[in-house]
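**Q** Structure: coords_28.txt, compact mmCIF, C-alpha atoms.
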# COMPACT_ATOMS: atom_id res chain seq x y z
CA THR A 16 -23.92 9.12 -22.14
CA GLY A 17 -27.39 10.57 -22.78
CA LEU A 18 -27.75 10.91 -18.99
CA ASP A 19 -27.93 14.03 -16.83
CA ASP A 20 -28.56 12.93 -13.21
CA PHE A 21 -25.26 13.11 -11.34
CA GLY A 22 -26.86 12.62 -7.92
CA GLY A 23 -26.79 14.91 -4.93
CA GLY A 24 -24.35 15.68 -2.17
CA ALA A 25 -21.30 17.90 -1.87
CA TRP A 26 -19.39 16.32 -4.76
CA ARG A 27 -19.62 19.49 -6.88
CA ASP A 28 -17.78 21.46 -4.20
CA HIS A 29 -15.03 18.83 -4.17
CA PHE A 30 -14.92 18.86 -7.97
CA ARG A 31 -14.56 22.67 -8.07
CA ALA A 32 -11.72 22.56 -5.52
CA LEU A 33 -9.94 19.98 -7.66
CA LEU A 34 -10.39 21.91 -10.91
CA HIS A 35 -9.19 25.14 -9.29
CA ALA A 36 -6.04 23.40 -8.05
CA TYR A 37 -5.38 21.90 -11.49
CA ASP A 38 -5.76 25.32 -13.12
CA GLU A 39 -3.73 27.30 -10.59
CA GLU A 40 -1.05 24.91 -9.34
CA SER A 41 -0.47 21.83 -11.47
CA ARG A 42 2.47 21.44 -13.84
CA LEU A 43 0.65 19.18 -16.28
CA SER A 44 2.26 18.54 -19.63
CA GLU A 45 -0.05 18.67 -22.63
CA ALA A 46 -0.23 14.88 -22.54
CA GLY A 47 -0.95 15.02 -18.80
CA ARG A 48 -3.69 17.58 -19.36
CA GLN A 49 -5.36 15.31 -21.88
CA MET A 50 -5.06 12.38 -19.47
CA VAL A 51 -6.68 14.40 -16.67
CA LEU A 52 -9.51 15.56 -18.93
CA GLY A 53 -10.14 11.97 -20.00
CA GLU A 54 -10.10 10.73 -16.41
CA ILE A 55 -12.49 13.43 -15.21
CA GLY A 56 -14.84 12.58 -18.07
CA GLY A 57 -14.65 8.94 -17.07
CA VAL A 58 -15.43 9.72 -13.43
CA LEU A 59 -18.42 11.86 -14.38
CA ALA A 60 -19.68 9.14 -16.71
CA ALA A 61 -19.31 6.61 -13.88
CA ARG A 62 -21.41 8.80 -11.56
CA LEU A 63 -24.11 9.10 -14.20
CA ALA A 64 -24.12 5.36 -14.88
CA CYS A 65 -24.41 4.49 -11.18
CA GLU A 66 -27.26 6.94 -10.58
CA ALA A 67 -29.11 5.60 -13.63
CA ALA A 68 -28.62 1.98 -12.55
CA TRP A 69 -29.87 2.65 -9.01
CA ASN A 70 -32.93 4.46 -10.42
CA ARG A 71 -33.69 1.59 -12.80
CA ASP A 72 -33.44 -1.05 -10.09
CA PRO A 73 -33.48 0.33 -6.54
CA SER A 74 -33.58 -3.22 -5.20
CA VAL A 75 -29.80 -3.58 -5.67
CA LEU A 76 -29.33 -1.12 -2.80
CA ARG A 77 -31.17 -3.50 -0.48
CA HIS A 78 -28.47 -6.15 -0.88
CA GLU A 79 -26.30 -6.53 2.19
CA ILE A 80 -22.52 -6.63 2.06
CA ARG A 81 -21.68 -9.13 4.77
CA ARG A 82 -18.27 -9.40 6.43
CA PRO A 83 -16.17 -7.93 3.61
CA ILE A 84 -12.42 -8.40 3.87
CA PHE A 85 -10.45 -5.16 3.65
CA ILE A 86 -6.71 -5.38 3.01
CA LEU A 87 -4.73 -2.43 4.26
CA GLY A 88 -1.20 -1.65 5.35
CA LEU A 89 1.76 0.14 3.90
CA PRO A 90 2.09 -0.17 0.13
CA ARG A 91 4.84 -2.56 -1.00
CA SER A 92 4.15 -4.80 2.02
CA GLY A 93 2.44 -7.64 0.14
CA THR A 94 -1.01 -6.09 -0.19
CA THR A 95 -1.25 -6.48 -3.98
CA ALA A 96 -0.20 -10.14 -4.01
CA LEU A 97 -2.59 -10.88 -1.14
CA HIS A 98 -5.41 -9.17 -3.04
CA PHE A 99 -4.77 -11.18 -6.20
CA LEU A 100 -4.53 -14.41 -4.21
CA LEU A 101 -7.79 -13.88 -2.33
CA GLY A 102 -9.40 -13.05 -5.66
CA GLN A 103 -8.66 -16.63 -6.79
CA ASP A 104 -11.07 -18.03 -4.20
CA PRO A 105 -14.42 -18.60 -5.98
CA ALA A 106 -16.26 -17.70 -2.77
CA ASN A 107 -14.80 -14.19 -2.98
CA GLN A 108 -15.37 -11.32 -5.36
CA ALA A 109 -12.82 -8.58 -5.96
CA LEU A 110 -13.24 -5.23 -7.66
CA GLU A 111 -11.87 -5.73 -11.18
CA TYR A 112 -10.02 -2.79 -12.73
CA TRP A 113 -12.44 -2.33 -15.62
CA LEU A 114 -15.54 -2.44 -13.41
CA ALA A 115 -13.98 -0.07 -10.90
CA ALA A 116 -13.57 2.45 -13.72
CA ALA A 117 -16.95 1.77 -15.36
CA PRO A 118 -19.31 0.31 -12.72
CA ARG A 119 -22.29 -1.86 -13.71
CA PRO A 120 -23.71 -5.21 -12.58
CA ARG A 121 -20.84 -7.62 -13.26
CA PRO A 122 -21.61 -9.41 -16.55
CA PRO A 123 -20.63 -13.06 -17.20
CA ARG A 124 -16.86 -13.45 -17.52
CA GLU A 125 -17.04 -14.85 -21.05
CA THR A 126 -18.52 -11.57 -22.33
CA TRP A 127 -15.88 -9.19 -20.99
CA GLN A 128 -13.65 -9.14 -24.05
CA GLN A 129 -16.54 -7.73 -26.10
CA GLU A 130 -17.31 -4.94 -23.63
CA PRO A 131 -16.07 -1.52 -24.87
CA ALA A 132 -15.31 -0.50 -21.26
CA PHE A 133 -13.12 -3.58 -20.82
CA GLN A 134 -11.28 -2.86 -24.06
CA THR A 135 -10.71 0.76 -22.97
CA ALA A 136 -9.32 -0.37 -19.61
CA ALA A 137 -6.94 -2.83 -21.29
CA GLN A 138 -5.75 -0.15 -23.72
CA THR A 139 -5.19 2.33 -20.89
CA ILE A 140 -3.05 -0.13 -18.93
CA GLU A 141 -1.04 -1.03 -22.02
CA TRP A 142 -0.41 2.66 -22.73
CA ILE A 143 0.80 3.22 -19.16
CA TYR A 144 3.29 0.37 -19.37
CA GLN A 145 4.48 1.34 -22.83
CA THR A 146 5.07 4.93 -21.68
CA ASP A 147 6.99 3.84 -18.58
CA PRO A 148 7.92 0.12 -18.72
CA GLY A 149 9.38 0.32 -15.22
CA LEU A 150 5.96 0.80 -13.68
CA ARG A 151 5.02 -2.81 -14.47
CA ALA A 152 7.63 -4.03 -11.99
CA ILE A 153 6.34 -1.60 -9.34
CA HIS A 154 2.59 -2.13 -9.49
CA LEU A 155 0.60 -4.86 -11.26
CA LEU A 156 -2.47 -3.74 -13.21
CA GLU A 157 -4.71 -6.02 -15.26
CA ALA A 158 -8.05 -5.08 -16.78
CA ASP A 159 -9.66 -8.24 -15.38
CA GLY A 160 -7.59 -8.30 -12.20
CA PRO A 161 -8.34 -6.96 -8.72
CA GLU A 162 -7.87 -3.22 -8.38
CA GLU A 163 -7.77 -0.83 -5.44
CA CYS A 164 -11.17 0.55 -4.56
CA ARG A 165 -9.76 4.08 -4.83
CA HIS A 166 -11.71 4.34 -8.11
CA LEU A 167 -14.96 4.42 -6.15
CA PHE A 168 -13.80 7.44 -4.14
CA LEU A 169 -12.99 9.26 -7.37
CA GLN A 170 -16.74 9.56 -7.93
CA SER A 171 -16.84 11.84 -4.87
CA PHE A 172 -13.72 13.70 -6.09
CA LEU A 173 -12.06 12.90 -2.76
CA ASP A 174 -8.98 10.75 -3.15
CA HIS A 175 -5.18 10.90 -3.16
CA THR A 176 -5.17 9.62 -6.74
CA PHE A 177 -5.56 13.21 -7.88
CA ASP A 178 -2.69 14.72 -5.90
CA SER A 179 -0.43 11.73 -6.47
CA ASN A 180 -0.63 12.43 -10.20
CA ALA A 181 -0.26 16.22 -10.08
CA THR A 182 1.19 18.98 -7.94
CA ILE A 183 -2.00 20.40 -6.39
CA PRO A 184 -1.30 21.23 -2.71
CA SER A 185 -4.47 23.29 -2.17
CA TYR A 186 -6.55 20.26 -3.16
CA THR A 187 -4.59 18.06 -0.74
CA LYS A 188 -5.37 20.47 2.09
CA TYR A 189 -9.03 20.68 1.05
CA PHE A 190 -9.45 16.92 0.66
CA GLU A 191 -7.90 16.06 4.02
CA ALA A 192 -10.38 18.37 5.78
CA GLN A 193 -13.50 16.70 4.34
CA ASP A 194 -15.91 14.29 6.00
CA MET A 195 -15.43 10.98 4.16
CA ARG A 196 -18.61 9.33 5.42
CA PRO A 197 -20.68 10.16 2.28
CA ALA A 198 -17.83 8.95 0.05
CA TYR A 199 -17.71 5.62 1.93
CA GLU A 200 -21.49 5.28 1.67
CA ARG A 201 -21.27 5.74 -2.11
CA HIS A 202 -18.36 3.25 -2.14
CA ARG A 203 -20.67 0.70 -0.47
CA ASP A 204 -23.56 1.38 -2.85
CA VAL A 205 -21.37 1.04 -5.95
CA LEU A 206 -20.17 -2.33 -4.65
CA LYS A 207 -23.81 -3.39 -4.21
CA LEU A 208 -24.41 -2.49 -7.86
CA ILE A 209 -21.36 -4.31 -9.24
CA GLY A 210 -21.93 -7.38 -7.08
CA SER A 211 -25.70 -7.52 -7.60
CA PRO A 212 -25.55 -10.66 -9.81
CA THR A 213 -23.69 -12.53 -7.02
CA PRO A 214 -24.51 -10.83 -3.69
CA GLU A 215 -23.72 -14.03 -1.78
CA ARG A 216 -20.00 -13.83 -2.60
CA ARG A 217 -17.72 -12.18 -0.06
CA TRP A 218 -16.10 -8.91 -1.11
CA VAL A 219 -12.32 -8.62 -0.87
CA LEU A 220 -11.11 -5.02 -1.14
CA LYS A 221 -7.73 -3.37 -0.91
CA TYR A 222 -6.50 0.18 -0.49
CA PRO A 223 -3.73 1.39 1.86
CA ALA A 224 -5.50 4.74 2.31
CA HIS A 225 -8.26 3.01 4.29
CA MET A 226 -5.87 3.39 7.25
CA ARG A 227 -6.53 7.13 7.13
CA GLU A 228 -10.29 6.59 7.49
CA LEU A 229 -10.44 3.34 9.44
CA ASP A 230 -13.05 4.69 11.86
CA THR A 231 -15.27 5.78 8.95
CA LEU A 232 -14.80 2.43 7.21
CA LEU A 233 -15.96 0.60 10.35
CA GLU A 234 -19.01 2.85 10.65
CA VAL A 235 -20.11 2.05 7.09
CA TYR A 236 -18.98 -1.61 7.17
CA PRO A 237 -19.46 -2.51 10.87
CA ASP A 238 -18.78 -6.24 10.42
CA ALA A 239 -15.71 -5.82 8.20
CA CYS A 240 -12.76 -8.18 8.57
CA ILE A 241 -9.64 -5.99 8.53
CA VAL A 242 -6.41 -7.58 7.33
CA GLN A 243 -3.26 -5.53 7.83
CA THR A 244 0.12 -6.35 6.32
CA HIS A 245 3.39 -5.29 7.95
CA ARG A 246 6.86 -4.65 6.59
CA ASP A 247 9.93 -2.61 7.53
CA PRO A 248 9.06 1.04 6.69
CA VAL A 249 12.66 1.68 5.66
CA LYS A 250 12.17 -0.82 2.84
CA VAL A 251 8.74 0.33 1.72
CA LEU A 252 8.97 4.15 1.91
CA PRO A 253 11.47 4.65 -0.95
CA SER A 254 9.53 2.11 -3.01
CA ILE A 255 6.29 4.05 -2.45
CA CYS A 256 8.07 7.27 -3.40
CA SER A 257 9.41 5.66 -6.56
CA LEU A 258 5.88 4.64 -7.55
CA VAL A 259 4.42 8.12 -6.92
CA THR A 260 7.33 9.77 -8.73
CA GLY A 261 6.77 7.49 -11.72
CA TRP A 262 3.06 8.20 -11.87
CA ARG A 263 3.47 11.95 -11.48
CA SER A 264 6.13 12.02 -14.17
CA LEU A 265 3.60 10.54 -16.59
CA TYR A 266 1.40 13.59 -16.03
CA GLU A 267 3.88 16.40 -15.46
CA GLY A 268 6.91 15.22 -17.39
CA SER A 269 9.05 15.22 -14.26
CA ALA A 270 8.60 15.17 -10.50
CA ASP A 271 10.29 16.67 -7.42
CA ALA A 272 11.48 13.43 -5.83
CA ARG A 273 12.58 15.03 -2.56
CA ALA A 274 9.26 16.84 -2.08
CA ILE A 275 7.45 13.57 -2.76
CA GLY A 276 9.68 11.85 -0.20
CA ALA A 277 8.79 14.33 2.56
CA TRP A 278 5.09 14.15 1.68
CA GLN A 279 4.87 10.36 1.57
CA LEU A 280 6.77 9.95 4.83
CA ASP A 281 4.38 12.27 6.64
CA LEU A 282 1.31 10.86 4.89
CA TYR A 283 1.93 7.21 5.75
CA ALA A 284 3.25 7.85 9.24
CA SER A 285 0.04 9.76 9.97
CA MET A 286 -2.12 7.03 8.41
CA ILE A 287 -0.43 4.32 10.46
CA GLU A 288 -0.82 6.32 13.68
CA HIS A 289 -4.52 6.92 13.03
CA ALA A 290 -5.16 3.25 12.25
CA MET A 291 -3.40 2.22 15.46
CA ASP A 292 -5.56 4.60 17.50
CA VAL A 293 -8.75 3.23 15.92
CA ARG A 294 -7.66 -0.35 16.50
CA ALA A 295 -6.94 0.40 20.15
CA ARG A 296 -10.62 1.21 20.74
CA SER A 297 -12.07 -1.49 18.45
CA SER A 298 -12.72 -5.20 18.86
CA PRO A 299 -9.53 -7.24 18.29
CA ALA A 300 -11.69 -9.96 16.71
CA GLN A 301 -12.09 -7.76 13.61
CA PHE A 302 -8.37 -7.52 12.88
CA TYR A 303 -5.77 -9.94 11.58
CA ASP A 304 -2.10 -9.17 10.94
CA PHE A 305 0.28 -10.58 8.35
CA SER A 306 4.03 -10.11 8.39
CA PHE A 307 5.67 -9.66 5.02
CA ARG A 308 7.90 -12.66 5.71
CA GLU A 309 4.98 -15.09 6.17
CA LEU A 310 3.32 -13.75 3.04
CA ILE A 311 6.36 -14.50 0.91
CA SER A 312 7.30 -17.80 2.59
CA ASP A 313 3.94 -19.62 2.31
CA PRO A 314 1.11 -17.24 1.46
CA VAL A 315 -1.57 -19.90 1.01
CA ALA A 316 -0.95 -21.36 4.47
CA ALA A 317 -1.00 -17.81 5.86
CA ILE A 318 -4.36 -17.14 4.19
CA GLU A 319 -5.76 -20.41 5.55
CA ARG A 320 -4.77 -19.29 9.06
CA MET A 321 -6.48 -15.95 8.47
CA TYR A 322 -9.65 -17.70 7.28
CA ALA A 323 -9.66 -19.85 10.40
CA TYR A 324 -9.23 -16.79 12.62
CA PHE A 325 -12.29 -15.12 11.09
CA GLY A 326 -14.30 -18.36 11.00
CA ILE A 327 -14.38 -18.35 7.21
CA GLU A 328 -14.72 -21.74 5.54
CA ALA A 329 -12.20 -22.21 2.74
CA SER A 330 -13.98 -22.95 -0.53
CA ALA A 331 -13.34 -26.09 -2.51
CA GLY A 332 -10.47 -25.56 -4.88
CA GLY A 333 -9.64 -22.10 -3.54
CA SER A 334 -6.20 -23.02 -2.20
CA ALA A 335 -5.30 -24.91 -5.38
CA ARG A 336 -6.20 -21.88 -7.49
CA MET A 337 -4.09 -19.67 -5.24
CA ARG A 338 -1.08 -21.96 -5.63
CA ALA A 339 -1.56 -21.96 -9.41
CA TRP A 340 -1.55 -18.15 -9.41
CA ILE A 341 1.70 -18.11 -7.39
CA ALA A 342 3.32 -20.51 -9.85
CA ALA A 343 2.29 -18.29 -12.78
CA ASN A 344 3.38 -15.06 -11.07
CA PRO A 345 6.77 -15.54 -9.39
CA GLN A 346 8.30 -12.60 -7.57
CA GLY A 347 10.23 -10.44 -10.03
CA LYS A 348 8.25 -11.69 -13.04
CA HIS A 349 8.11 -8.18 -14.49
CA GLY A 350 11.65 -7.15 -13.58
CA GLY A 351 13.35 -5.50 -10.63
CA HIS A 352 12.54 -2.22 -8.94
CA LYS A 353 15.57 -0.09 -8.05
CA TYR A 354 15.59 2.97 -5.79
CA THR A 355 17.50 4.51 -2.87
CA LEU A 356 16.56 6.50 0.20
CA GLU A 357 18.79 9.33 -0.94
CA GLN A 358 16.82 9.85 -4.15
CA PHE A 359 13.89 11.07 -2.09
CA GLY A 360 15.76 12.94 0.62
CA LEU A 361 14.99 10.23 3.16
CA ALA A 362 17.19 8.95 5.97
CA GLU A 363 16.89 5.62 7.76
CA GLY A 364 16.96 7.22 11.22
CA GLU A 365 14.18 9.64 10.35
CA ILE A 366 11.93 6.86 9.05
CA ARG A 367 12.58 4.62 12.05
CA GLY A 368 11.80 7.52 14.37
CA ARG A 369 8.46 8.29 12.68
CA PHE A 370 7.42 4.63 12.71
CA ALA A 371 8.90 3.61 16.08
CA ARG A 372 5.53 3.14 17.80
CA TYR A 373 4.22 1.14 14.86
CA ALA A 374 7.30 -1.11 14.68
CA GLU A 375 7.14 -1.82 18.41
CA ARG A 376 3.40 -2.46 18.43
CA PHE A 377 3.49 -5.03 15.62
CA GLY A 378 7.00 -6.41 16.07
CA VAL A 379 7.99 -5.30 12.59
CA GLU A 380 11.17 -7.01 11.48
CA VAL A 381 14.12 -4.89 10.35
CA GLU A 382 15.18 -6.06 6.90
CA SER A 383 18.70 -6.10 5.57
CA ALA A 384 19.68 -3.83 2.71
CA ALA A 385 19.83 -6.81 0.36
CA SER A 386 16.37 -8.19 1.21
Mind converting the file's structure to structure tokens?

**A**
Amino acid sequence: TGLDDFGGGAWRDHFRALLHAYDEESRLSEAGRQMVLGEIGGVLAARLACEAAWNRDPSVLRHEIRRPIFILGLPRSGTTALHFLLGQDPANQALEYWLAAAPRPRPPRETWQQEPAFQTAAQTIEWIYQTDPGLRAIHLLEADGPEECRHLFLQSFLDHTFDSNATIPSYTKYFEAQDMRPAYERHRDVLKLIGSPTPERRWVLKYPAHMRELDTLLEVYPDACIVQTHRDPVKVLPSICSLVTGWRSLYEGSADARAIGAWQLDLYASMIEHAMDVRARSSPAQFYDFSFRELISDPVAAIERMYAYFGIEASAGGSARMRAWIAANPQGKHGGHKYTLEQFGLAEGEIRGRFARYAERFGVEVESAAS
């Protein structure tokens, strides 16, 4: 990059803990090792680019991020579709995959195809889907489409992306003990950089792991609008496990499905419990809940109700663009996603027990096996 200022903070300690876990514990294949090396290089380059951009133009850090919408909830509960739909509203701005991986002030849309970083992102996604075609049906990735803001936490080397893709339990333990406030502050500042050409547009961000740090999120984004989706945990847990197993198999050649099942059950039950505790002591006006059923029955009407709740004026043409996206992306467009509880050592009774408080609090509907 020709740059050498990585910025301050404790990120080097986090980086060392990650590298130690990779060296001592991971089961990376040679292909997985090359993928990890490439990703780490990309993260370091992103840190350098952000520091250089802030130094060139410190004024971008004075922009305010007003009333961002954060989508959270269990994965596989409609969060991705909701994110893509809200990204159709011209009053909103989402974090595109290629800019999440290579942050910079967002250039005009007509120039993206010529950007080397955009081309790299598109090639990476295509390689993923060619290597495991089944992943396309599980999780939608597009270089110019909305992506989870997990990429911004990678710059602090504190995120579950790393231990989802490799068997590194010491890193998991280390990461979960860290103060995430500095990582969320960097998250905010990277968004200010990317959105600097259009600071007036509302940010729409999505990442289920925000449930784990909801109190920290609200400290850094005190006027955030929190949107939480809800679906039967018995339906979503094996789907989550299937996704993590697929990703980890890309890196390690295979994955211990039952170990992943136990980990994901505990991880998301703990996240949900923490988010509920934070909500109990926060203003109800900052939170809006979607059931999975209303998101699949008439998502645009559901979004319009959410806008009204938060006092957000729907932009001209926003709803029409959302309906056009739905027509172009019907459910099951990229094939079906098959899995069973038994694959991951999970039992319905155990899941219902761990999520009983959550299901009662939000009136989560029990879905049939065929739904």

**Q** Counting all atoms listed in the file, I want the residues whose atoms come within 12 Å of (-25.5, 14.8, -1.3) in the file frame, returned as a list in words.

**A**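 With a cut-off of 12 Å, the residues come to Phe21, Gly22, Gly23, Gly24, Ala25, Trp26, Arg27, Asp28, His29, Ser171, Arg196, Pro197, Ala198, Glu200 and Arg201 of chain A.
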
**Q** So which one's closest to His175 of chain A, A:Leu310, A:Leu282, A:Ile143, A:Ile86? Using all atoms listed in the file, please.

**A**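 So, comparing all the options, the nearest one is A:Leu282.
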
**Q** Which one of A:Ser269, A:Gln193, A:Ser264, A:Gln108 sits closest to Ile209 of chain A if you count all atoms listed in the file?

**A** A:Gln108

**Q** Calculated over all atoms listed in the file, which of the candidates A:Tyr303, A:Tyr222, A:Phe133, A:Tyr37 has the smallest distance to Leu89 of chain A?

**A**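 Counting all atoms listed in the file, the residue closest to Leu89 of chain A is A:Tyr222.
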
**Q** Using all atoms listed in the file, can you tell me which of A:Ala274, A:Ala290, A:Leu361, A:Ala316 comes closest to Pro248 of chain A?

**A**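 Distance minimum relative to Pro248 of chain A lands on A:Leu361.
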
**Q** Skipping near chain neighbours, those fewer than 5 positions away, what residues fall within 10 Å of Cys65 of chain A using all atoms listed in the file, listed as a VMD selection string?

**A** chain A and resid 20 to 22 60 70 to 71 117 to 120 170 201 204 to 205 208 to 209

**Q** For Leu173 of chain A, which of A:Phe307, A:Trp262, A:Trp127, A:Phe190 is the closest residue, counting all atoms listed in the file?

**A**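 Result for the nearest residue to Leu173 of chain A: A:Phe190.
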
**Q** Around (-7.6, -13.9, 6.6) in the file's frame, which residues reach within 10 Å when counting only C-alpha atoms? Return as a PyMOL selection string?

**A** chain A and resi 84-86+97+101+240-243+302-305+317-327

**Q** Rounded to one decimal, what separation in Å do you get between atom CA of Ala106 of chain A and atom CA of His225 of chain A?

**A**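 About the pair atom CA of Ala106 of chain A and atom CA of His225 of chain A: they are 23.3 Å apart.
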